[in-house]
>>> print(open('model23.csv').read())   # CSV, C-alpha atoms (C1' of nucleotides)
chain,number,residue,atom,x,y,z
A,1,MET,CA,-1.0,-7.7,26.0
A,2,SER,CA,-2.8,-6.5,29.1
A,3,LEU,CA,-6.3,-6.5,27.7
A,4,ARG,CA,-6.0,-10.3,27.7
A,5,HIS,CA,-5.2,-10.2,31.4
A,6,ALA,CA,-7.9,-7.7,32.2
A,7,VAL,CA,-10.4,-10.0,30.7
A,8,LEU,CA,-9.0,-13.1,32.5
A,9,GLY,CA,-9.0,-11.1,35.8
A,10,MET,CA,-12.7,-10.2,35.4
A,11,LEU,CA,-13.7,-13.7,34.5
A,12,ALA,CA,-11.7,-15.0,37.4
A,13,ASP,CA,-13.8,-12.9,39.6
A,14,ALA,CA,-17.1,-14.0,38.0
A,15,PRO,CA,-18.3,-15.5,34.7
A,16,GLY,CA,-19.8,-13.1,32.2
A,17,SER,CA,-20.6,-12.3,28.7
A,18,GLY,CA,-18.8,-9.8,26.4
A,19,TYR,CA,-21.6,-7.4,27.1
A,20,ASP,CA,-21.1,-7.8,30.9
A,21,LEU,CA,-17.4,-7.2,30.6
A,22,LEU,CA,-17.9,-4.2,28.5
A,23,LYS,CA,-20.1,-2.6,31.2
A,24,ARG,CA,-17.3,-3.3,33.7
A,25,PHE,CA,-14.8,-1.7,31.4
A,26,GLU,CA,-17.0,1.4,31.3
A,27,THR,CA,-17.4,1.6,35.1
A,28,ALA,CA,-15.4,-0.1,37.8
A,29,MET,CA,-12.4,-0.8,35.5
A,30,ALA,CA,-12.4,2.6,33.8
A,31,ASN,CA,-9.8,4.0,36.0
A,32,VAL,CA,-7.5,1.1,35.4
A,33,TRP,CA,-7.9,-0.1,31.9
A,34,SER,CA,-10.3,0.5,29.0
A,35,ALA,CA,-11.3,-1.4,25.9
A,36,THR,CA,-13.7,-1.0,23.1
A,37,GLN,CA,-16.3,-3.5,22.1
A,38,SER,CA,-14.5,-4.6,19.0
A,39,GLN,CA,-11.4,-5.2,20.9
A,40,LEU,CA,-13.2,-7.1,23.6
A,41,TYR,CA,-15.1,-9.5,21.4
A,42,GLY,CA,-11.9,-10.2,19.4
A,43,GLU,CA,-10.0,-11.0,22.5
A,44,LEU,CA,-12.7,-13.2,23.9
A,45,GLY,CA,-12.5,-15.2,20.6
A,46,LYS,CA,-8.8,-15.5,20.9
A,47,LEU,CA,-8.9,-16.5,24.6
A,48,GLU,CA,-11.4,-19.2,23.9
A,49,LYS,CA,-9.4,-20.6,21.0
A,50,ALA,CA,-6.4,-20.6,23.3
A,51,GLY,CA,-8.4,-22.6,25.9
A,52,MET,CA,-8.1,-20.0,28.6
A,53,ILE,CA,-11.8,-19.3,28.8
A,54,LYS,CA,-14.8,-21.4,27.7
A,55,VAL,CA,-18.5,-20.8,27.1
A,56,ALA,CA,-20.1,-21.9,30.3
A,57,GLU,CA,-23.7,-21.1,29.3
A,58,GLU,CA,-25.6,-19.7,26.4
A,59,GLY,CA,-28.4,-17.3,27.2
A,60,PRO,CA,-31.0,-15.3,25.3
A,61,ARG,CA,-30.1,-13.0,22.5
A,62,GLY,CA,-27.1,-15.1,21.6
A,63,ARG,CA,-25.6,-14.3,24.9
A,64,LYS,CA,-22.5,-16.4,25.6
A,65,GLU,CA,-21.4,-16.5,29.2
A,66,TYR,CA,-17.7,-17.1,29.5
A,67,ALA,CA,-15.9,-18.7,32.4
A,68,ILE,CA,-12.2,-18.9,33.1
A,69,THR,CA,-10.5,-22.3,32.7
A,70,ASP,CA,-7.6,-23.7,34.8
A,71,GLU,CA,-5.2,-22.8,32.0
A,72,GLY,CA,-6.6,-19.2,32.1
A,73,ARG,CA,-6.2,-18.9,35.8
A,74,ALA,CA,-2.7,-20.2,35.6
A,75,GLU,CA,-1.9,-17.6,33.0
A,76,LEU,CA,-3.4,-14.9,35.1
A,77,ARG,CA,-1.4,-15.9,38.2
A,78,ALA,CA,1.8,-16.1,36.3
A,79,TRP,CA,1.2,-12.6,34.9
A,80,LEU,CA,0.3,-11.2,38.3
A,81,LEU,CA,3.6,-12.3,39.7
A,82,ASP,CA,5.7,-11.5,36.7
A,83,PRO,CA,7.9,-8.5,37.5
A,84,ALA,CA,7.0,-6.0,34.8
A,85,PRO,CA,9.5,-3.4,33.7
A,86,ARG,CA,8.4,0.2,34.6
A,87,PRO,CA,6.1,1.0,31.8
A,88,VAL,CA,7.0,3.9,29.4
A,89,ARG,CA,5.1,6.9,30.4
A,90,ARG,CA,3.2,8.6,27.6
A,91,SER,CA,1.3,11.6,28.7
A,92,GLU,CA,-0.3,13.9,26.1
A,93,THR,CA,-0.9,16.4,28.9
A,94,LEU,CA,2.7,16.6,29.9
A,95,LEU,CA,3.8,16.6,26.3
A,96,ARG,CA,1.8,19.8,25.9
A,97,VAL,CA,3.3,21.3,29.0
A,98,TYR,CA,6.8,20.5,27.7
A,99,PHE,CA,6.1,22.7,24.6
A,100,LEU,CA,4.1,25.5,26.2
A,101,GLY,CA,7.0,27.9,25.4
A,102,GLU,CA,5.4,28.1,21.9
A,103,VAL,CA,2.4,30.0,23.2
A,104,SER,CA,2.1,33.1,25.3
A,105,PRO,CA,2.7,33.0,29.1
A,106,VAL,CA,-1.0,33.8,29.7
A,107,GLN,CA,-2.1,31.0,27.5
A,108,ALA,CA,0.4,28.6,29.1
A,109,ARG,CA,-0.9,29.5,32.6
A,110,GLU,CA,-4.4,29.1,31.4
A,111,TYR,CA,-3.6,25.6,30.1
A,112,VAL,CA,-2.1,24.5,33.3
A,113,ARG,CA,-4.9,26.0,35.3
A,114,ARG,CA,-7.4,24.0,33.3
A,115,GLN,CA,-5.4,20.8,34.0
A,116,GLY,CA,-5.8,21.6,37.7
A,117,GLU,CA,-9.5,21.9,37.4
A,118,SER,CA,-9.8,18.7,35.5
A,119,ALA,CA,-7.9,17.0,38.2
A,120,GLU,CA,-10.2,18.4,40.8
A,121,GLU,CA,-13.1,17.1,38.9
A,122,LEU,CA,-11.5,13.7,38.7
A,123,ASN,CA,-11.0,13.8,42.5
A,124,ARG,CA,-14.7,14.6,43.1
A,125,HIS,CA,-15.7,11.8,40.7
A,126,LEU,CA,-13.6,9.3,42.5
A,127,ALA,CA,-14.8,10.5,45.9
A,128,SER,CA,-18.4,10.0,44.8
A,129,ILE,CA,-17.6,6.4,43.7
A,130,ASP,CA,-16.0,5.8,47.1
A,131,GLU,CA,-19.2,6.9,48.8
A,132,GLU,CA,-21.5,4.9,46.6
A,133,VAL,CA,-19.6,1.6,46.8
A,134,ASP,CA,-20.3,-0.7,49.7
A,135,TRP,CA,-16.9,-1.9,50.7
A,136,ASP,CA,-17.3,-5.4,52.2
A,137,ASP,CA,-14.3,-7.5,53.3
A,138,SER,CA,-13.9,-9.4,50.0
A,139,ASP,CA,-10.6,-9.4,48.0
A,140,ALA,CA,-12.4,-7.4,45.3
A,141,ALA,CA,-13.3,-4.7,47.8
A,142,LEU,CA,-9.8,-4.6,49.4
A,143,PHE,CA,-7.9,-4.3,46.1
A,144,GLY,CA,-10.6,-2.1,44.5
A,145,ARG,CA,-10.2,0.3,47.4
A,146,LEU,CA,-6.4,0.3,47.0
A,147,VAL,CA,-6.8,1.2,43.3
A,148,LEU,CA,-9.4,3.9,44.0
A,149,GLU,CA,-7.1,5.4,46.6
A,150,TRP,CA,-4.3,5.5,44.1
A,151,GLY,CA,-6.6,7.5,41.8
A,152,LYS,CA,-7.5,9.9,44.5
A,153,ARG,CA,-3.9,10.5,45.4
A,154,TYR,CA,-3.0,10.9,41.7
A,155,ALA,CA,-5.7,13.5,41.2
A,156,ALA,CA,-4.7,15.4,44.4
A,157,MET,CA,-1.1,15.4,43.2
A,158,GLU,CA,-2.0,16.8,39.8
A,159,GLN,CA,-4.1,19.5,41.5
A,160,ASP,CA,-1.2,20.6,43.8
A,161,TRP,CA,1.2,20.5,40.9
A,162,ALA,CA,-1.0,22.7,38.7
A,163,ASP,CA,-1.3,25.3,41.4
A,164,TRP,CA,2.4,25.3,41.9
A,165,ALA,CA,3.1,25.4,38.2
A,166,VAL,CA,0.8,28.3,37.6
A,167,GLY,CA,2.8,30.2,40.3
A,168,GLU,CA,6.1,29.2,38.7
A,169,ILE,CA,5.0,30.5,35.2
A,170,ARG,CA,3.8,33.7,36.7
A,171,ALA,CA,7.0,34.2,38.7
A,172,ALA,CA,9.2,33.6,35.6
A,173,ARG,CA,7.1,35.3,32.9
A,174,GLY,CA,5.0,37.8,34.8
B,1,MET,CA,-1.8,11.5,17.1
B,2,SER,CA,0.6,12.9,19.6
B,3,LEU,CA,3.8,11.5,18.1
B,4,ARG,CA,3.3,14.0,15.4
B,5,HIS,CA,3.1,16.8,17.9
B,6,ALA,CA,6.1,15.6,19.9
B,7,VAL,CA,8.1,15.7,16.7
B,8,LEU,CA,6.8,19.1,15.7
B,9,GLY,CA,7.6,20.4,19.2
B,10,MET,CA,11.1,19.2,19.2
B,11,LEU,CA,11.7,20.6,15.7
B,12,ALA,CA,10.2,23.9,16.8
B,13,ASP,CA,12.8,24.0,19.5
B,14,ALA,CA,15.7,23.2,17.1
B,15,PRO,CA,16.2,21.5,13.7
B,16,GLY,CA,17.4,18.0,13.7
B,17,SER,CA,17.7,14.6,12.0
B,18,GLY,CA,15.7,11.6,12.8
B,19,TYR,CA,18.6,10.3,14.6
B,20,ASP,CA,18.8,13.4,16.7
B,21,LEU,CA,15.2,13.2,17.6
B,22,LEU,CA,15.6,9.6,18.5
B,23,LYS,CA,18.2,10.5,21.1
B,24,ARG,CA,15.9,13.1,22.6
B,25,PHE,CA,13.1,10.5,22.8
B,26,GLU,CA,15.5,8.3,24.7
B,27,THR,CA,16.6,11.0,27.1
B,28,ALA,CA,14.9,14.3,27.8
B,29,MET,CA,11.6,13.3,26.4
B,30,ALA,CA,11.6,9.8,27.9
B,31,ASN,CA,9.4,10.9,30.9
B,32,VAL,CA,6.8,12.4,28.6
B,33,TRP,CA,6.6,10.5,25.4
B,34,SER,CA,8.5,7.7,23.7
B,35,ALA,CA,8.8,6.5,20.2
B,36,THR,CA,10.7,3.9,18.3
B,37,GLN,CA,12.9,4.4,15.3
B,38,SER,CA,10.4,2.9,12.9
B,39,GLN,CA,7.6,5.1,14.1
B,40,LEU,CA,9.8,8.1,14.0
B,41,TYR,CA,11.1,7.9,10.5
B,42,GLY,CA,7.6,7.0,9.3
B,43,GLU,CA,6.2,10.1,10.9
B,44,LEU,CA,9.0,12.3,9.6
B,45,GLY,CA,8.1,11.2,6.1
B,46,LYS,CA,4.4,11.9,6.6
B,47,LEU,CA,5.1,15.3,8.2
B,48,GLU,CA,7.3,16.3,5.3
B,49,LYS,CA,4.6,15.2,2.8
B,50,ALA,CA,2.1,17.2,4.7
B,51,GLY,CA,4.4,20.3,4.4
B,52,MET,CA,4.8,20.7,8.2
B,53,ILE,CA,8.5,20.1,8.2
B,54,LYS,CA,11.1,20.3,5.4
B,55,VAL,CA,14.6,19.1,4.8
B,56,ALA,CA,16.7,22.1,5.7
B,57,GLU,CA,20.1,20.6,5.1
B,58,GLU,CA,21.6,17.3,4.0
B,59,GLY,CA,24.6,16.1,5.8
B,60,PRO,CA,27.0,13.2,5.7
B,61,ARG,CA,25.8,9.6,5.9
B,62,GLY,CA,22.5,10.4,4.3
B,63,ARG,CA,21.7,12.7,7.2
B,64,LYS,CA,18.6,14.8,6.6
B,65,GLU,CA,18.2,17.7,9.0
B,66,TYR,CA,14.5,18.7,9.3
B,67,ALA,CA,13.2,22.1,10.2
B,68,ILE,CA,9.7,23.0,11.1
B,69,THR,CA,7.7,25.1,8.6
B,70,ASP,CA,5.2,27.8,9.3
B,71,GLU,CA,2.4,25.4,8.6
B,72,GLY,CA,4.0,23.0,11.1
B,73,ARG,CA,4.3,25.7,13.7
B,74,ALA,CA,0.7,26.7,13.2
B,75,GLU,CA,-0.4,23.1,13.7
B,76,LEU,CA,1.7,22.8,16.9
B,77,ARG,CA,0.2,26.0,18.4
B,78,ALA,CA,-3.4,24.9,17.5
B,79,TRP,CA,-2.7,21.5,19.2
B,80,LEU,CA,-1.2,23.2,22.3
B,81,LEU,CA,-4.3,25.2,22.8
B,82,ASP,CA,-6.8,22.5,21.9
B,83,PRO,CA,-8.6,21.4,25.1
B,84,ALA,CA,-8.0,17.7,25.1
B,85,PRO,CA,-10.4,15.4,26.9
B,86,ARG,CA,-9.0,13.7,30.0
B,87,PRO,CA,-7.1,10.8,28.5
B,88,VAL,CA,-8.2,7.3,29.4
B,89,ARG,CA,-5.9,5.9,32.0
B,90,ARG,CA,-4.4,2.5,31.3
B,91,SER,CA,-2.1,1.2,33.9
B,92,GLU,CA,-0.8,-2.3,33.8
B,93,THR,CA,0.5,-1.8,37.3
B,94,LEU,CA,-2.9,-0.9,38.7
B,95,LEU,CA,-4.5,-3.6,36.7
B,96,ARG,CA,-2.4,-6.1,38.5
B,97,VAL,CA,-3.2,-4.5,41.9
B,98,TYR,CA,-6.9,-4.8,41.0
B,99,PHE,CA,-6.6,-8.5,40.6
B,100,LEU,CA,-4.2,-9.3,43.4
B,101,GLY,CA,-6.9,-11.2,45.2
B,102,GLU,CA,-5.9,-14.1,42.9
B,103,VAL,CA,-2.6,-14.6,44.7
B,104,SER,CA,-1.7,-15.0,48.4
B,105,PRO,CA,-1.7,-12.0,50.7
B,106,VAL,CA,2.1,-12.3,51.1
B,107,GLN,CA,2.6,-12.3,47.3
B,108,ALA,CA,0.2,-9.4,47.0
B,109,ARG,CA,2.1,-7.4,49.6
B,110,GLU,CA,5.4,-8.2,48.0
B,111,TYR,CA,4.1,-7.0,44.7
B,112,VAL,CA,3.0,-3.7,46.1
B,113,ARG,CA,6.2,-3.3,48.0
B,114,ARG,CA,8.2,-3.7,44.8
B,115,GLN,CA,6.1,-1.0,43.2
B,116,GLY,CA,7.1,1.3,46.0
B,117,GLU,CA,10.7,0.5,45.4
B,118,SER,CA,10.4,1.1,41.8
B,119,ALA,CA,8.9,4.5,42.4
B,120,GLU,CA,11.7,5.3,44.8
B,121,GLU,CA,14.2,4.5,42.1
B,122,LEU,CA,12.3,6.7,39.6
B,123,ASN,CA,12.4,9.5,42.1
B,124,ARG,CA,16.2,9.1,42.5
B,125,HIS,CA,16.6,9.1,38.8
B,126,LEU,CA,14.6,12.2,38.3
B,127,ALA,CA,16.5,13.9,41.2
B,128,SER,CA,19.8,13.2,39.5
B,129,ILE,CA,18.5,14.6,36.2
B,130,ASP,CA,17.5,17.7,38.1
B,131,GLU,CA,21.0,18.1,39.5
B,132,GLU,CA,22.7,17.5,36.2
B,133,VAL,CA,20.7,19.9,34.2
B,134,ASP,CA,21.7,23.5,34.1
B,135,TRP,CA,18.4,25.4,34.3
B,136,ASP,CA,18.7,28.7,32.6
B,137,ASP,CA,15.9,31.1,32.1
B,138,SER,CA,14.8,29.8,28.7
B,139,ASP,CA,11.3,28.6,28.0
B,140,ALA,CA,12.6,25.1,27.5
B,141,ALA,CA,14.1,25.2,31.0
B,142,LEU,CA,11.0,26.6,32.6
B,143,PHE,CA,8.6,24.1,31.1
B,144,GLY,CA,11.2,21.2,31.4
B,145,ARG,CA,11.4,22.0,35.1
B,146,LEU,CA,7.6,21.9,35.4
B,147,VAL,CA,7.5,18.5,33.7
B,148,LEU,CA,10.3,17.1,35.9
B,149,GLU,CA,8.6,18.3,39.0
B,150,TRP,CA,5.4,16.5,37.9
B,151,GLY,CA,7.4,13.3,37.6
B,152,LYS,CA,9.0,13.8,41.0
B,153,ARG,CA,5.6,14.4,42.6
B,154,TYR,CA,4.2,11.4,40.8
B,155,ALA,CA,7.0,9.1,42.0
B,156,ALA,CA,6.6,10.4,45.6
B,157,MET,CA,2.9,9.8,45.4
B,158,GLU,CA,3.4,6.2,44.3
B,159,GLN,CA,5.9,5.6,47.1
B,160,ASP,CA,3.5,6.9,49.7
B,161,TRP,CA,0.7,4.9,48.3
B,162,ALA,CA,2.7,1.7,48.2
B,163,ASP,CA,3.6,2.1,51.9
B,164,TRP,CA,0.0,2.8,52.8
B,165,ALA,CA,-1.3,-0.1,50.6
B,166,VAL,CA,1.1,-2.6,52.2
B,167,GLY,CA,-0.2,-1.6,55.6
B,168,GLU,CA,-3.8,-2.0,54.4
B,169,ILE,CA,-3.2,-5.5,53.0
B,170,ARG,CA,-1.5,-6.5,56.2
B,171,ALA,CA,-4.3,-5.1,58.3
B,172,ALA,CA,-7.0,-6.9,56.3
B,173,ARG,CA,-5.2,-10.2,55.6
B,174,GLY,CA,-2.7,-10.6,58.4
C,1,DG,C1',-49.6,-4.7,18.8
C,2,DT,C1',-45.8,-1.7,18.1
C,3,DT,C1',-42.2,0.8,19.5
C,4,DG,C1',-38.1,2.2,22.0
C,5,DG,C1',-34.4,1.0,24.8
C,6,DA,C1',-31.3,-2.2,26.8
C,7,DC,C1',-29.1,-6.4,25.6
C,8,DA,C1',-25.8,-8.8,22.6
C,9,DT,C1',-22.4,-10.2,19.0
C,10,DG,C1',-19.8,-9.6,15.0
C,11,DT,C1',-16.9,-7.5,11.2
C,12,DC,C1',-14.2,-3.8,8.8
C,13,DA,C1',-10.9,-0.3,7.7
C,14,DA,C1',-7.7,2.8,9.5
C,15,DT,C1',-4.3,4.4,12.7
C,16,DA,C1',-0.7,3.6,16.2
C,17,DG,C1',2.9,1.3,18.3
C,18,DT,C1',6.6,-2.6,18.8
C,19,DG,C1',10.7,-5.1,17.7
C,20,DG,C1',13.9,-6.4,14.7
C,21,DA,C1',16.5,-7.0,10.4
C,22,DA,C1',19.2,-5.0,6.9
C,23,DG,C1',22.2,-1.8,4.8
C,24,DG,C1',25.0,1.7,4.7
C,25,DT,C1',28.6,6.0,5.8
C,26,DA,C1',32.0,8.9,8.5
C,27,DA,C1',35.4,9.7,12.0
C,28,DG,C1',38.7,8.7,15.3
C,29,DA,C1',41.8,5.4,17.6
C,30,DT,C1',45.4,2.3,17.4
D,1,DA,C1',45.6,0.7,7.0
D,2,DT,C1',42.0,-1.2,9.4
D,3,DC,C1',38.8,-1.5,12.8
D,4,DT,C1',35.5,-0.1,15.8
D,5,DT,C1',32.0,2.9,17.2
D,6,DA,C1',28.8,6.1,16.4
D,7,DC,C1',25.8,7.8,13.0
D,8,DC,C1',21.8,7.3,9.9
D,9,DT,C1',17.8,5.6,7.2
D,10,DT,C1',14.5,2.2,5.4
D,11,DC,C1',11.5,-1.7,5.5
D,12,DC,C1',8.7,-5.4,7.3
D,13,DA,C1',5.7,-8.3,10.1
D,14,DC,C1',3.1,-8.2,14.0
D,15,DT,C1',0.0,-6.6,17.7
D,16,DA,C1',-3.1,-3.1,19.8
D,17,DT,C1',-6.6,0.3,19.5
D,18,DT,C1',-10.3,3.1,17.6
D,19,DG,C1',-14.6,4.1,15.6
D,20,DA,C1',-18.1,2.9,12.7
D,21,DC,C1',-21.3,-0.1,10.8
D,22,DA,C1',-24.3,-4.2,10.6
D,23,DT,C1',-27.5,-7.2,12.6
D,24,DG,C1',-30.4,-8.9,15.5
D,25,DT,C1',-33.3,-10.2,20.1
D,26,DC,C1',-35.8,-9.5,24.4
D,27,DC,C1',-38.8,-6.7,27.4
D,28,DA,C1',-41.7,-3.3,29.1
D,29,DA,C1',-44.6,0.5,28.4
D,30,DC,C1',-48.1,2.6,26.0
>>> encode(input="model23.csv", output="structure tokens")
Amino acid sequence: MSLRHAVLGMLADAPGSGYDLLKRFETAMANVWSATQSQLYGELGKLEKAGMIKVAEEGPRGRKEYAITDEGRAELRAWLLDPAPRPVRRSETLLRVYFLGEVSPVQAREYVRRQGESAEELNRHLASIDEEVDWDDSDAALFGRLVLEWGKRYAAMEQDWADWAVGEIRAARG
Amino acid sequence: MSLRHAVLGMLADAPGSGYDLLKRFETAMANVWSATQSQLYGELGKLEKAGMIKVAEEGPRGRKEYAITDEGRAELRAWLLDPAPRPVRRSETLLRVYFLGEVSPVQAREYVRRQGESAEELNRHLASIDEEVDWDDSDAALFGRLVLEWGKRYAAMEQDWADWAVGEIRAARG
DNA sequence: GTTGGACATGTCAATAGTGGAAGGTAAGAT
DNA sequence: ATCTTACCTTCCACTATTGACATGTCCAAC
């Protein structure tokens, strides 16, 4: 149930409408969590019913600006400190690698090579975000930077791994 | 729809019953994909109906040993070579980090520190698997080793990141 | 003045995934 | 003999996620 907490977290930062939050899911949050519009509006409804958020202001075009309530903030804090079990990893990419024996060594190598390229692209993308953002000394900036750095390290790791893996396949299968 | 391909991949390697596959999801595959029993038996039914697998042998205790069919193998190959879009990342852990401004700096640091420990544990776990497994020169061994190495690099990356992040929080918030 | 694009919410059907209950068989150990 | 443990499948209720469709409003440019 993390969508719930993603929404609470964003509203704890600043009030906003479903539409506002959707934009954030598409940009700043995209590296961390994603949600579609249908999911989001559904969750906003549930959160309001549960008293964790409330409509703070109604704007034009039916806009409803939600704000977090004390109950919501309490729930968010509790979740933040709750020691979560290591999440199950589910990687379609790795799943493919695991079964690459089904195709030819050349195709396998090509697949891994493309993974490396994709990681490189991700790295560039994250670096450009880093440059664009004006990192002030707010909490949002501090922790946003930590998350971005995680992404950069992740992408770099995948790139290195792909280079290494291509070599391993070549060494083992010519 | 990757569960489908995980099942096909395992059956391409060797025939097996739902129960057999379940064991593999809990062990060798656990770092790559997971599935529960209800999902698995449901998927086996669908795959059989679709003609991608068939019951090769019935054993004691209602055991049904499934084998992949030519259609199934074709589907698996097609999927392996299909260039997948970079999957959306969804990390509950990073989501928490992103909102750590909601709790005290000490609590935030503690949370990140625990992440690092958890990564260390994962690393040890993967290293022990590496030692236990007898890596022959089969395809399964080659690609299994690549996947395991990915996991080790991932865990090492998380550990390093956590150490660095603890320092950053301390530097910014005392 | 109308048109196109950004803003804004809502609902639906379908698929995917979780967790647990229920029901049963075979084999080996004592 | 019986008992325990491992083996094996099926079903159900619930939540999460996707993608598409429907419906409308405000604003700026032309």
>>> interface_residues(input="model23.csv", of="chain C", to="chain A", cutoff="8 Å", atoms="only C-alpha atoms (C1' of nucleotides)", output="list in words")
DC7, DA8, DT9 and DG10 of chain C
>>> residues_near_point(input="model23.csv", point="(-3.0, -15.6, 30.5)", cutoff="12 Å", atoms="all atoms listed in the file", output="VMD selection string")
chain A and resid 1 to 9 11 to 12 43 to 44 46 to 48 50 to 53 68 to 82
>>> interface_residues(input="model23.csv", of="chain D", to="chain A", cutoff="10 Å", atoms="all atoms listed in the file", output="CSV table (one decimal) with C-alpha atoms (C1' of nucleotides), in the coordinates of the input")
chain,number,residue,atom,x,y,z
D,15,DT,C1',0.0,-6.6,17.7
D,16,DA,C1',-3.1,-3.1,19.8
D,17,DT,C1',-6.6,0.3,19.5
D,18,DT,C1',-10.3,3.1,17.6
D,19,DG,C1',-14.6,4.1,15.6
D,24,DG,C1',-30.4,-8.9,15.5
D,25,DT,C1',-33.3,-10.2,20.1
D,26,DC,C1',-35.8,-9.5,24.4
>>> closest_atom_pairs(input="model23.csv", of="chain B", to="chain A", cutoff="8 Å", atoms="all atoms listed in the file", output="JSON lines")
{"residue": "B:Ser2", "atom": "CA", "partner": "A:Glu92", "partner_atom": "CA", "distance": 6.6}
{"residue": "B:Ala6", "atom": "CA", "partner": "A:Leu95", "partner_atom": "CA", "distance": 6.9}
{"residue": "B:Gly9", "atom": "CA", "partner": "A:Phe99", "partner_atom": "CA", "distance": 6.1}
{"residue": "B:Ala30", "atom": "CA", "partner": "A:Arg89", "partner_atom": "CA", "distance": 7.5}
{"residue": "B:Asn31", "atom": "CA", "partner": "A:Arg89", "partner_atom": "CA", "distance": 5.9}
{"residue": "B:Val32", "atom": "CA", "partner": "A:Arg90", "partner_atom": "CA", "distance": 5.3}
{"residue": "B:Trp33", "atom": "CA", "partner": "A:Arg90", "partner_atom": "CA", "distance": 4.5}
{"residue": "B:Ser34", "atom": "CA", "partner": "A:Arg90", "partner_atom": "CA", "distance": 6.6}
{"residue": "B:Arg77", "atom": "CA", "partner": "A:Glu102", "partner_atom": "CA", "distance": 6.6}
{"residue": "B:Leu80", "atom": "CA", "partner": "A:Arg96", "partner_atom": "CA", "distance": 5.8}
{"residue": "B:Leu81", "atom": "CA", "partner": "A:Tyr111", "partner_atom": "CA", "distance": 7.3}
{"residue": "B:Arg86", "atom": "CA", "partner": "A:Ser118", "partner_atom": "CA", "distance": 7.5}
{"residue": "B:Pro87", "atom": "CA", "partner": "A:Glu92", "partner_atom": "CA", "distance": 7.8}
{"residue": "B:Val88", "atom": "CA", "partner": "A:Ser34", "partner_atom": "CA", "distance": 7.1}
{"residue": "B:Arg89", "atom": "CA", "partner": "A:Asn31", "partner_atom": "CA", "distance": 5.9}
{"residue": "B:Arg90", "atom": "CA", "partner": "A:Trp33", "partner_atom": "CA", "distance": 4.4}
{"residue": "B:Ser91", "atom": "CA", "partner": "A:Val32", "partner_atom": "CA", "distance": 5.6}
{"residue": "B:Glu92", "atom": "CA", "partner": "A:Ser2", "partner_atom": "CA", "distance": 6.6}
{"residue": "B:Leu94", "atom": "CA", "partner": "A:Val32", "partner_atom": "CA", "distance": 6.0}
{"residue": "B:Leu95", "atom": "CA", "partner": "A:Val32", "partner_atom": "CA", "distance": 5.7}
{"residue": "B:Arg96", "atom": "CA", "partner": "A:Leu80", "partner_atom": "CA", "distance": 5.8}
{"residue": "B:Val97", "atom": "CA", "partner": "A:Phe143", "partner_atom": "CA", "distance": 6.3}
{"residue": "B:Tyr98", "atom": "CA", "partner": "A:Phe143", "partner_atom": "CA", "distance": 5.2}
{"residue": "B:Phe99", "atom": "CA", "partner": "A:Gly9", "partner_atom": "CA", "distance": 6.0}
{"residue": "B:Leu100", "atom": "CA", "partner": "A:Phe143", "partner_atom": "CA", "distance": 6.8}
{"residue": "B:Gly101", "atom": "CA", "partner": "A:Asp139", "partner_atom": "CA", "distance": 5.0}
{"residue": "B:Glu102", "atom": "CA", "partner": "A:Arg77", "partner_atom": "CA", "distance": 6.8}
{"residue": "B:Val103", "atom": "CA", "partner": "A:Arg77", "partner_atom": "CA", "distance": 6.7}
{"residue": "B:Gln107", "atom": "CA", "partner": "A:Leu81", "partner_atom": "CA", "distance": 7.7}
{"residue": "B:Tyr111", "atom": "CA", "partner": "A:Leu81", "partner_atom": "CA", "distance": 7.3}
{"residue": "B:Ser118", "atom": "CA", "partner": "A:Arg86", "partner_atom": "CA", "distance": 7.5}
{"residue": "B:Asp137", "atom": "CA", "partner": "A:Ala172", "partner_atom": "CA", "distance": 8.0}
{"residue": "B:Asp139", "atom": "CA", "partner": "A:Gly101", "partner_atom": "CA", "distance": 5.1}
{"residue": "B:Ala140", "atom": "CA", "partner": "A:Gly101", "partner_atom": "CA", "distance": 6.6}
{"residue": "B:Leu142", "atom": "CA", "partner": "A:Ile169", "partner_atom": "CA", "distance": 7.6}
{"residue": "B:Phe143", "atom": "CA", "partner": "A:Tyr98", "partner_atom": "CA", "distance": 5.3}
{"residue": "B:Gly144", "atom": "CA", "partner": "A:Tyr98", "partner_atom": "CA", "distance": 5.8}
{"residue": "B:Leu146", "atom": "CA", "partner": "A:Ala165", "partner_atom": "CA", "distance": 6.4}
{"residue": "B:Val147", "atom": "CA", "partner": "A:Tyr98", "partner_atom": "CA", "distance": 6.4}
{"residue": "B:Glu149", "atom": "CA", "partner": "A:Trp161", "partner_atom": "CA", "distance": 8.0}
{"residue": "B:Trp150", "atom": "CA", "partner": "A:Trp161", "partner_atom": "CA", "distance": 6.5}
{"residue": "B:Arg153", "atom": "CA", "partner": "A:Met157", "partner_atom": "CA", "distance": 6.8}
{"residue": "B:Tyr154", "atom": "CA", "partner": "A:Met157", "partner_atom": "CA", "distance": 7.1}
{"residue": "B:Met157", "atom": "CA", "partner": "A:Arg153", "partner_atom": "CA", "distance": 6.8}
{"residue": "B:Glu158", "atom": "CA", "partner": "A:Trp150", "partner_atom": "CA", "distance": 7.7}
{"residue": "B:Trp161", "atom": "CA", "partner": "A:Trp150", "partner_atom": "CA", "distance": 6.6}
{"residue": "B:Ala165", "atom": "CA", "partner": "A:Leu146", "partner_atom": "CA", "distance": 6.3}
{"residue": "B:Ile169", "atom": "CA", "partner": "A:Leu142", "partner_atom": "CA", "distance": 7.6}
{"residue": "B:Ala172", "atom": "CA", "partner": "A:Leu142", "partner_atom": "CA", "distance": 7.8}
>>> atom_distance(input="model23.csv", atom1="CA of Glu65 in chain A", atom2="CA of Gly45 in chain A")
12.4 Å
